[in-house]
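Here is model.txt, consisting of compact mmCIF, C-alpha atoms:
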# COMPACT_ATOMS: atom_id res chain seq x y z
CA MET A 1 11.92 6.75 55.54
CA THR A 2 8.64 6.91 53.63
CA PHE A 3 10.44 7.69 50.39
CA ARG A 4 12.96 4.87 50.81
CA GLU A 5 10.36 2.32 51.89
CA ASN A 6 8.04 3.02 48.97
CA VAL A 7 10.83 3.00 46.39
CA ARG A 8 11.40 -0.64 47.36
CA LYS A 9 7.71 -1.59 47.16
CA ARG A 10 6.50 -3.70 44.26
CA ILE A 11 3.69 -1.26 43.50
CA VAL A 12 6.17 1.53 42.75
CA LEU A 13 8.44 -0.72 40.74
CA THR A 14 5.42 -2.05 38.84
CA GLY A 15 4.16 1.48 38.21
CA LEU A 16 7.60 2.51 36.99
CA ALA A 17 7.83 -0.48 34.65
CA LEU A 18 4.36 0.15 33.24
CA GLY A 19 5.20 3.84 32.86
CA LEU A 20 8.30 3.05 30.84
CA ILE A 21 6.28 0.65 28.67
CA PHE A 22 3.70 3.38 28.10
CA LEU A 23 6.38 5.87 27.06
CA ALA A 24 7.91 3.34 24.68
CA VAL A 25 4.55 2.52 23.07
CA PHE A 26 3.60 6.20 22.87
CA THR A 27 6.94 7.13 21.30
CA ILE A 28 6.73 4.37 18.69
CA GLY A 29 3.09 5.13 17.96
CA PHE A 30 3.70 8.84 17.54
CA ARG A 31 6.69 8.22 15.29
CA MET A 32 4.63 6.01 13.00
CA VAL A 33 1.77 8.53 12.87
CA TYR A 34 4.08 11.52 12.43
CA ILE A 35 6.26 10.06 9.69
CA ASN A 36 3.63 8.13 7.76
CA GLY A 37 0.55 10.23 8.44
CA LEU A 38 1.49 13.82 9.20
CA ASN A 39 4.84 14.38 7.61
CA GLY A 40 4.48 12.12 4.60
CA VAL A 41 1.60 13.77 2.79
CA ASP A 42 2.20 16.51 0.24
CA ARG A 43 -0.10 19.49 0.48
CA PRO A 44 -0.28 22.43 -1.94
CA ASN A 45 -0.41 25.10 0.80
CA GLU A 46 2.68 25.03 2.99
CA MET A 47 1.19 27.26 5.69
CA LEU A 48 -1.96 25.13 5.89
CA SER A 49 0.22 22.02 5.98
CA ARG A 50 2.21 23.31 8.96
CA MET A 51 -0.98 24.28 10.77
CA ILE A 52 -2.53 20.84 10.28
CA VAL A 53 0.65 19.11 11.49
CA THR A 54 0.83 21.39 14.54
CA GLU A 55 -2.83 20.81 15.45
CA ALA A 56 -2.53 17.04 15.06
CA THR A 57 0.70 16.97 17.09
CA ASN A 58 -0.91 19.01 19.86
CA MET A 59 -3.89 16.66 19.91
CA LEU A 60 -1.65 13.59 20.17
CA LEU A 61 0.37 15.22 22.94
CA LEU A 62 -2.76 16.00 24.95
CA ALA A 63 -3.96 12.44 24.38
CA GLY A 64 -0.70 11.13 25.84
CA LEU A 65 -0.88 13.51 28.78
CA TYR A 66 -4.50 12.51 29.35
CA ALA A 67 -3.33 8.93 29.90
CA VAL A 68 -0.44 10.15 32.06
CA THR A 69 -2.89 12.07 34.24
CA PHE A 70 -4.80 8.88 35.02
CA LEU A 71 -1.61 6.90 35.67
CA SER A 72 -0.26 9.58 38.02
CA ALA A 73 -3.57 9.83 39.88
CA ALA A 74 -3.71 6.04 40.22
CA MET A 75 -0.16 6.02 41.58
CA GLY A 76 -1.09 8.71 44.11
CA ALA A 77 -4.17 6.77 45.24
CA LEU A 78 -2.28 3.50 45.61
CA LEU A 79 0.60 5.07 47.49
CA GLY A 80 -1.59 6.56 50.21
CA ALA A 81 -4.27 3.88 50.42
CA ASP A 82 -2.58 1.49 52.84
CA THR A 83 0.10 3.62 54.43
CA LEU A 84 -1.57 4.50 57.77
CA SER A 85 -4.24 1.81 58.00
CA GLY A 86 -1.78 -0.91 57.00
CA GLU A 87 0.79 0.14 59.59
CA ILE A 88 -1.89 0.43 62.27
CA ASN A 89 -3.29 -3.04 61.55
CA SER A 90 0.17 -4.62 61.43
CA GLY A 91 1.35 -2.82 64.57
CA THR A 92 4.27 -1.23 62.74
CA ILE A 93 3.04 2.24 63.68
CA GLN A 94 3.70 1.46 67.36
CA THR A 95 7.46 1.57 66.78
CA ILE A 96 7.09 5.08 65.37
CA VAL A 97 4.61 6.78 67.71
CA THR A 98 6.48 5.58 70.82
CA LYS A 99 9.49 7.65 69.75
CA PRO A 100 9.70 11.39 70.53
CA VAL A 101 7.97 12.27 67.29
CA ARG A 102 4.63 14.07 67.09
CA ARG A 103 1.84 12.27 65.31
CA SER A 104 1.37 15.26 63.06
CA ASP A 105 5.00 14.90 61.97
CA VAL A 106 4.35 11.26 61.07
CA VAL A 107 1.50 12.19 58.73
CA LEU A 108 3.23 15.24 57.27
CA GLY A 109 6.45 13.28 56.79
CA LYS A 110 4.61 10.55 54.93
CA TRP A 111 2.81 13.12 52.81
CA LEU A 112 6.08 14.84 51.91
CA GLY A 113 7.74 11.53 51.02
CA PHE A 114 4.83 10.61 48.77
CA ALA A 115 4.80 14.09 47.20
CA ILE A 116 8.50 13.81 46.32
CA LEU A 117 8.00 10.33 44.89
CA LEU A 118 5.00 11.51 42.85
CA GLY A 119 7.03 14.48 41.65
CA LEU A 120 9.68 12.16 40.25
CA TYR A 121 7.05 9.89 38.72
CA SER A 122 5.20 12.82 37.19
CA LEU A 123 8.46 14.22 35.83
CA LEU A 124 9.23 10.87 34.22
CA MET A 125 5.77 10.41 32.72
CA SER A 126 4.69 13.94 31.80
CA GLY A 127 8.18 15.14 30.98
CA GLY A 128 8.90 11.98 29.02
CA THR A 129 5.76 12.44 26.92
CA VAL A 130 6.61 16.06 26.10
CA LEU A 131 10.25 15.14 25.43
CA SER A 132 9.19 12.35 23.09
CA ILE A 133 7.09 14.77 21.03
CA TRP A 134 9.81 17.43 21.00
CA THR A 135 12.65 15.13 19.92
CA GLN A 136 10.61 13.73 17.03
CA SER A 137 8.77 16.81 15.80
CA GLY A 138 10.37 19.83 17.48
CA TYR A 139 6.96 20.79 18.89
CA VAL A 140 6.56 22.19 22.41
CA PRO A 141 3.05 23.10 23.62
CA PRO A 142 2.33 26.56 25.04
CA ASN A 143 2.52 27.02 28.82
CA VAL A 144 4.03 23.56 29.19
CA LEU A 145 5.41 24.11 32.71
CA LYS A 146 2.09 25.43 33.98
CA GLY A 147 0.22 22.52 32.42
CA LEU A 148 2.55 19.85 33.80
CA SER A 149 2.45 21.50 37.24
CA LEU A 150 -1.35 21.21 37.26
CA ILE A 151 -1.14 17.52 36.32
CA TYR A 152 1.27 16.98 39.22
CA LEU A 153 -1.04 18.93 41.55
CA GLU A 154 -3.91 16.61 40.62
CA SER A 155 -1.89 13.51 41.54
CA VAL A 156 -0.89 15.09 44.87
CA LEU A 157 -4.53 15.97 45.57
CA ILE A 158 -5.60 12.36 44.97
CA MET A 159 -2.73 11.10 47.14
CA THR A 160 -3.72 13.48 49.95
CA LEU A 161 -7.33 12.31 49.81
CA SER A 162 -6.11 8.70 49.91
CA LEU A 163 -3.90 9.47 52.93
CA PHE A 164 -6.83 11.08 54.73
CA CYS A 165 -9.12 8.10 54.13
CA SER A 166 -6.34 5.76 55.22
CA SER A 167 -6.22 7.48 58.62
CA PHE A 168 -9.58 5.96 59.60
CA MET A 169 -10.46 3.36 56.93
CA SER A 170 -8.95 0.10 55.70
CA GLY A 171 -6.75 0.11 52.64
CA LEU A 172 -9.37 -1.67 50.51
CA ALA A 173 -12.12 0.74 51.54
CA THR A 174 -9.82 3.70 50.93
CA GLY A 175 -9.07 2.53 47.41
CA GLY A 176 -12.77 2.08 46.67
CA VAL A 177 -13.70 5.52 47.98
CA VAL A 178 -10.86 7.38 46.25
CA PHE A 179 -11.31 5.73 42.86
CA GLY A 180 -15.07 6.20 43.18
CA LEU A 181 -14.63 9.92 43.81
CA TYR A 182 -12.13 10.16 40.96
CA GLY A 183 -14.68 8.53 38.65
CA LEU A 184 -17.34 10.92 39.91
CA ALA A 185 -15.10 13.88 39.07
CA PHE A 186 -14.45 12.44 35.61
CA ILE A 187 -18.17 12.04 34.87
CA GLY A 188 -18.96 15.44 36.39
CA GLY A 189 -16.39 17.13 34.17
CA TRP A 190 -17.95 15.68 31.02
CA VAL A 191 -21.45 16.52 32.25
CA GLU A 192 -20.39 20.14 32.67
CA GLN A 193 -18.88 20.28 29.18
CA ILE A 194 -22.01 18.75 27.65
CA GLY A 195 -24.10 21.30 29.54
CA VAL A 196 -22.03 24.12 28.05
CA ALA A 197 -22.32 22.61 24.55
CA ILE A 198 -26.12 22.33 24.72
CA GLN A 199 -26.41 25.56 26.74
CA ASN A 200 -28.22 23.89 29.64
CA GLN A 201 -27.39 25.74 32.85
CA THR A 202 -28.84 23.05 35.11
CA VAL A 203 -26.50 20.43 33.65
CA VAL A 204 -23.59 22.85 34.02
CA GLN A 205 -24.45 23.38 37.70
CA VAL A 206 -24.41 19.62 38.28
CA GLY A 207 -20.87 19.48 36.87
CA ILE A 208 -19.76 22.42 39.01
CA ILE A 209 -21.14 20.80 42.18
CA THR A 210 -19.22 17.65 41.32
CA SER A 211 -16.04 19.72 40.95
CA LEU A 212 -16.63 21.15 44.42
CA ILE A 213 -16.89 17.64 45.87
CA ILE A 214 -13.53 16.74 44.35
CA PRO A 215 -11.74 19.16 41.98
CA SER A 216 -9.35 16.69 40.37
CA GLU A 217 -10.92 16.82 36.90
CA SER A 218 -10.91 20.63 37.01
CA LEU A 219 -7.12 20.58 37.31
CA TRP A 220 -6.78 18.42 34.18
CA ARG A 221 -9.21 20.57 32.21
CA ARG A 222 -7.26 23.69 33.13
CA ALA A 223 -3.96 21.97 32.27
CA SER A 224 -5.26 20.93 28.84
CA PHE A 225 -6.59 24.45 28.27
CA GLU A 226 -3.17 25.94 29.05
CA MET A 227 -1.38 23.58 26.66
CA GLN A 228 -3.83 23.54 23.76
CA SER A 229 -2.78 25.16 20.50
CA PRO A 230 -3.83 28.75 19.70
CA VAL A 231 -6.11 27.52 16.89
CA SER A 232 -7.93 25.09 19.20
CA ALA A 233 -8.22 27.84 21.80
CA ALA A 234 -9.71 30.21 19.20
CA LEU A 235 -12.18 27.60 17.99
CA GLY A 236 -13.00 26.55 21.52
CA PHE A 237 -12.89 22.89 20.64
CA SER A 238 -10.39 20.04 20.90
CA PRO A 239 -10.99 16.36 21.76
CA PHE A 240 -8.76 16.58 24.83
CA SER A 241 -9.31 20.17 25.91
CA SER A 242 -12.36 21.71 27.52
CA THR A 243 -15.34 23.74 26.39
CA SER A 244 -15.84 24.77 30.02
CA VAL A 245 -12.53 26.08 31.36
CA PRO A 246 -12.08 26.13 35.16
CA SER A 247 -11.30 29.62 36.44
CA PRO A 248 -8.28 30.60 38.57
CA LEU A 249 -10.75 30.70 41.46
CA MET A 250 -11.36 26.98 41.02
CA LEU A 251 -7.59 26.36 41.03
CA GLY A 252 -7.36 28.25 44.30
CA TYR A 253 -10.22 26.14 45.65
CA ALA A 254 -8.32 22.97 44.68
CA VAL A 255 -5.25 24.11 46.64
CA ILE A 256 -7.36 25.01 49.70
CA TYR A 257 -9.18 21.67 49.34
CA LEU A 258 -5.84 19.84 49.40
CA ILE A 259 -4.66 21.72 52.51
CA ILE A 260 -7.92 21.09 54.38
CA ILE A 261 -7.85 17.37 53.55
CA LEU A 262 -4.22 17.14 54.70
CA MET A 263 -5.03 18.89 57.99
CA ALA A 264 -8.02 16.58 58.44
CA ALA A 265 -5.71 13.58 57.99
CA VAL A 266 -3.39 14.97 60.67
CA SER A 267 -6.27 15.63 63.07
CA THR A 268 -7.86 12.20 62.54
CA PHE A 269 -4.57 10.38 63.08
CA LYS A 270 -3.77 12.42 66.20
CA HIS A 271 -7.02 11.46 67.88
CA ARG A 272 -7.05 7.81 66.85
CA ASP A 273 -6.41 5.14 69.48
CA LEU A 274 -3.30 3.15 68.62

Could you express the structure from this file as structure tokens?
Amino acid sequence: MTFRENVRKRIVLTGLALGLIFLAVFTIGFRMVYINGLNGVDRPNEMLSRMIVTEATNMLLLAGLYAVTFLSAAMGALLGADTLSGEINSGTIQTIVTKPVRRSDVVLGKWLGFAILLGLYSLLMSGGTVLSIWTQSGYVPPNVLKGLSLIYLESVLIMTLSLFCSSFMSGLATGGVVFGLYGLAFIGGWVEQIGVAIQNQTVVQVGIITSLIIPSESLWRRASFEMQSPVSAALGFSPFSSTSVPSPLMLGYAVIYLIIILMAAVSTFKHRDL
């Protein structure tokens, strides 16, 4: 029911339309850059030429996926923001909880419907970006499945946090809190990278603490690290990768964080007066 209802909502249709526009603009832009900028310049050293083209293509791919990460996270936040609070305020939830269905099943069912919808959206956006690069240049980044899975996990984490806040807050307040935390994670991630660059441990610790509050940015930084080119990995620098790479322990923390937030949403909804 959650999946069917949200497919018909304007927000999903709008997000889908904007996503298709993004893919079209990205495809056209990459084609113009690749043909006129990367593939149209003669260079005396063929090996160096191939390396430069590969590095530039990888950078453009990560730039596209960086935008996709934000769009997917925004979709996750908007999907969960008004789902419980909106139905409670409108009285729609009464027709559900009066049936022989546990309240925990209501929350978990909504979460699963959103997760499936986000999976399809992420497949369209992330997969479409990678497919666009591959069809035009033949380039596929390393560890592409692992990287795209981490981008999807970030959108699900944001959606779960939004669902949790929606269990006891209004939709508007939920949106403000979730986007505020997402912005905090974004700033914290850059603070940590700057701390590593200037070798200031205090600044690095501030970034790590931010990642513990909400580990969304850590998932992107690990995804970009997995998909960066070998040369960028060796140099330890790329505009869209990370100088401070989250460890597998941080990825495990993000999964545990998601599960705890989901269980908190179930518990809050179960004990709320309807």

Of the candidates A:Leu61, A:Leu118, A:Leu184, A:Ala264, which shows the shortest atom-to-atom distance to Val206 (chain A), using only C-alpha atoms?
A:Leu184

Neighbouring residues of Ile213 (chain A) were defined as those with any atom within 12 Å, considering all atoms listed in the file; residues of the same chain fewer than 4 positions away were excluded. Please report them as a PyMOL selection string.
chain A and resi 161+178+180-186+188-189+206-209+217-218+250+253-254+257-258+261

Place a sphere of radius 10 Å on (5.0, 12.0, 44.6) in the file coordinates and name every protein, DNA or RNA residue with an atom inside or on its surface, counting only C-alpha atoms; give the answer as an MDAnalysis selection string.
chainID A and resid 3 72 75:76 79 111:123 152:153 155:156 159

Selected residues written out, C-alpha atoms, as a PDB file, keeping the file's coordinate frame:
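Written file, out_39.pdb:
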ATOM      1  CA  PHE A   3      10.440   7.690  50.390  1.00  0.00           C
ATOM      2  CA  SER A  72      -0.260   9.580  38.020  1.00  0.00           C
ATOM      3  CA  MET A  75      -0.160   6.020  41.580  1.00  0.00           C
ATOM      4  CA  GLY A  76      -1.090   8.710  44.110  1.00  0.00           C
ATOM      5  CA  LEU A  79       0.600   5.070  47.490  1.00  0.00           C
ATOM      6  CA  TRP A 111       2.810  13.120  52.810  1.00  0.00           C
ATOM      7  CA  LEU A 112       6.080  14.840  51.910  1.00  0.00           C
ATOM      8  CA  GLY A 113       7.740  11.530  51.020  1.00  0.00           C
ATOM      9  CA  PHE A 114       4.830  10.610  48.770  1.00  0.00           C
ATOM     10  CA  ALA A 115       4.800  14.090  47.200  1.00  0.00           C
ATOM     11  CA  ILE A 116       8.500  13.810  46.320  1.00  0.00           C
ATOM     12  CA  LEU A 117       8.000  10.330  44.890  1.00  0.00           C
ATOM     13  CA  LEU A 118       5.000  11.510  42.850  1.00  0.00           C
ATOM     14  CA  GLY A 119       7.030  14.480  41.650  1.00  0.00           C
ATOM     15  CA  LEU A 120       9.680  12.160  40.250  1.00  0.00           C
ATOM     16  CA  TYR A 121       7.050   9.890  38.720  1.00  0.00           C
ATOM     17  CA  SER A 122       5.200  12.820  37.190  1.00  0.00           C
ATOM     18  CA  LEU A 123       8.460  14.220  35.830  1.00  0.00           C
ATOM     19  CA  TYR A 152       1.270  16.980  39.220  1.00  0.00           C
ATOM     20  CA  LEU A 153      -1.040  18.930  41.550  1.00  0.00           C
ATOM     21  CA  SER A 155      -1.890  13.510  41.540  1.00  0.00           C
ATOM     22  CA  VAL A 156      -0.890  15.090  44.870  1.00  0.00           C
ATOM     23  CA  MET A 159      -2.730  11.100  47.140  1.00  0.00           C
TER      24      MET A 159
END

From the set A:Val68, A:Ile158, A:Met1, A:Val140, which residue has the shortest atom-to-atom contact distance to Gly175 (chain A), counting only C-alpha atoms?
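Comparing A:Val68, A:Ile158, A:Met1, A:Val140 against Gly175 (chain A), the winner is A:Ile158.
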
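The gap separating CA of Phe26 (chain A) from CA of Thr54 (chain A) is 17.5 Å, in Å to one decimal.
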
One decimal, in Å: what's the spacing between CA of Ala81 (chain A) and CA of Gly171 (chain A)?
5.0 Å

Please indicate the distance in Å from CA of Ser137 (chain A) to CA of Gln228 (chain A), rounded to one decimal place.
16.4 Å

Per residue of region 65-128 of chain A within 7 Å of region 265-274 of chain A, what are the shortest atom pair and its distance in Å to one decimal, counting all atoms listed in the file, with rows by chain and residue number, as a Markdown table?
| residue | atom | partner | partner_atom | distance |
| --- | --- | --- | --- | --- |
| A:Arg103 | CA | A:Lys270 | CA | 5.7 |
| A:Ser104 | CA | A:Val266 | CA | 5.3 |
| A:Val107 | CA | A:Val266 | CA | 6.0 |

Write the residues of the preceding selection, restricted to C-alpha atoms, as a PDB file, in the coordinates of the input.
ATOM      1  CA  ARG A 103       1.840  12.270  65.310  1.00  0.00           C
ATOM      2  CA  SER A 104       1.370  15.260  63.060  1.00  0.00           C
ATOM      3  CA  VAL A 107       1.500  12.190  58.730  1.00  0.00           C
TER       4      VAL A 107
END

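Minimum atom-to-atom distances from A:Ser166, A:Thr174, A:Ser149, A:Asn36 to Leu251 (chain A) were compared using all atoms listed in the file, and the lowest value belongs to A:Ser149.
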
Tell me which of A:Trp134, A:Trp190, A:Phe22, A:Phe30 sits closest to Val204 (chain A), counting only C-alpha atoms.
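Under the stated criterion, the closest residue is A:Trp190.
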
Sel. within 12 Å of pt (-6.2, 10.8, 27.7), counting only C-alpha atoms, output as a VMD selection string:
chain A and resid 26 59 to 72 186 217 220 to 221 224 239 to 241

Here is a test: counting all atoms listed in the file, which residue of A:Ile28, A:Val203, A:Leu150, A:Val231 is nearest to Gln136 (chain A)?
A:Ile28

Would you please work out which residue, of A:Met263, A:Leu16, A:Ser162, A:Tyr34, is nearest to Ile52 (chain A) when using only C-alpha atoms?
A:Tyr34

Quick one: everything within 10 Å of Gln205 (chain A), counting only C-alpha atoms, minus sequence neighbours fewer than 6 positions away in the same chain. Send it as a ChimeraX atom specification.
/A:188,191-192,195-196,211
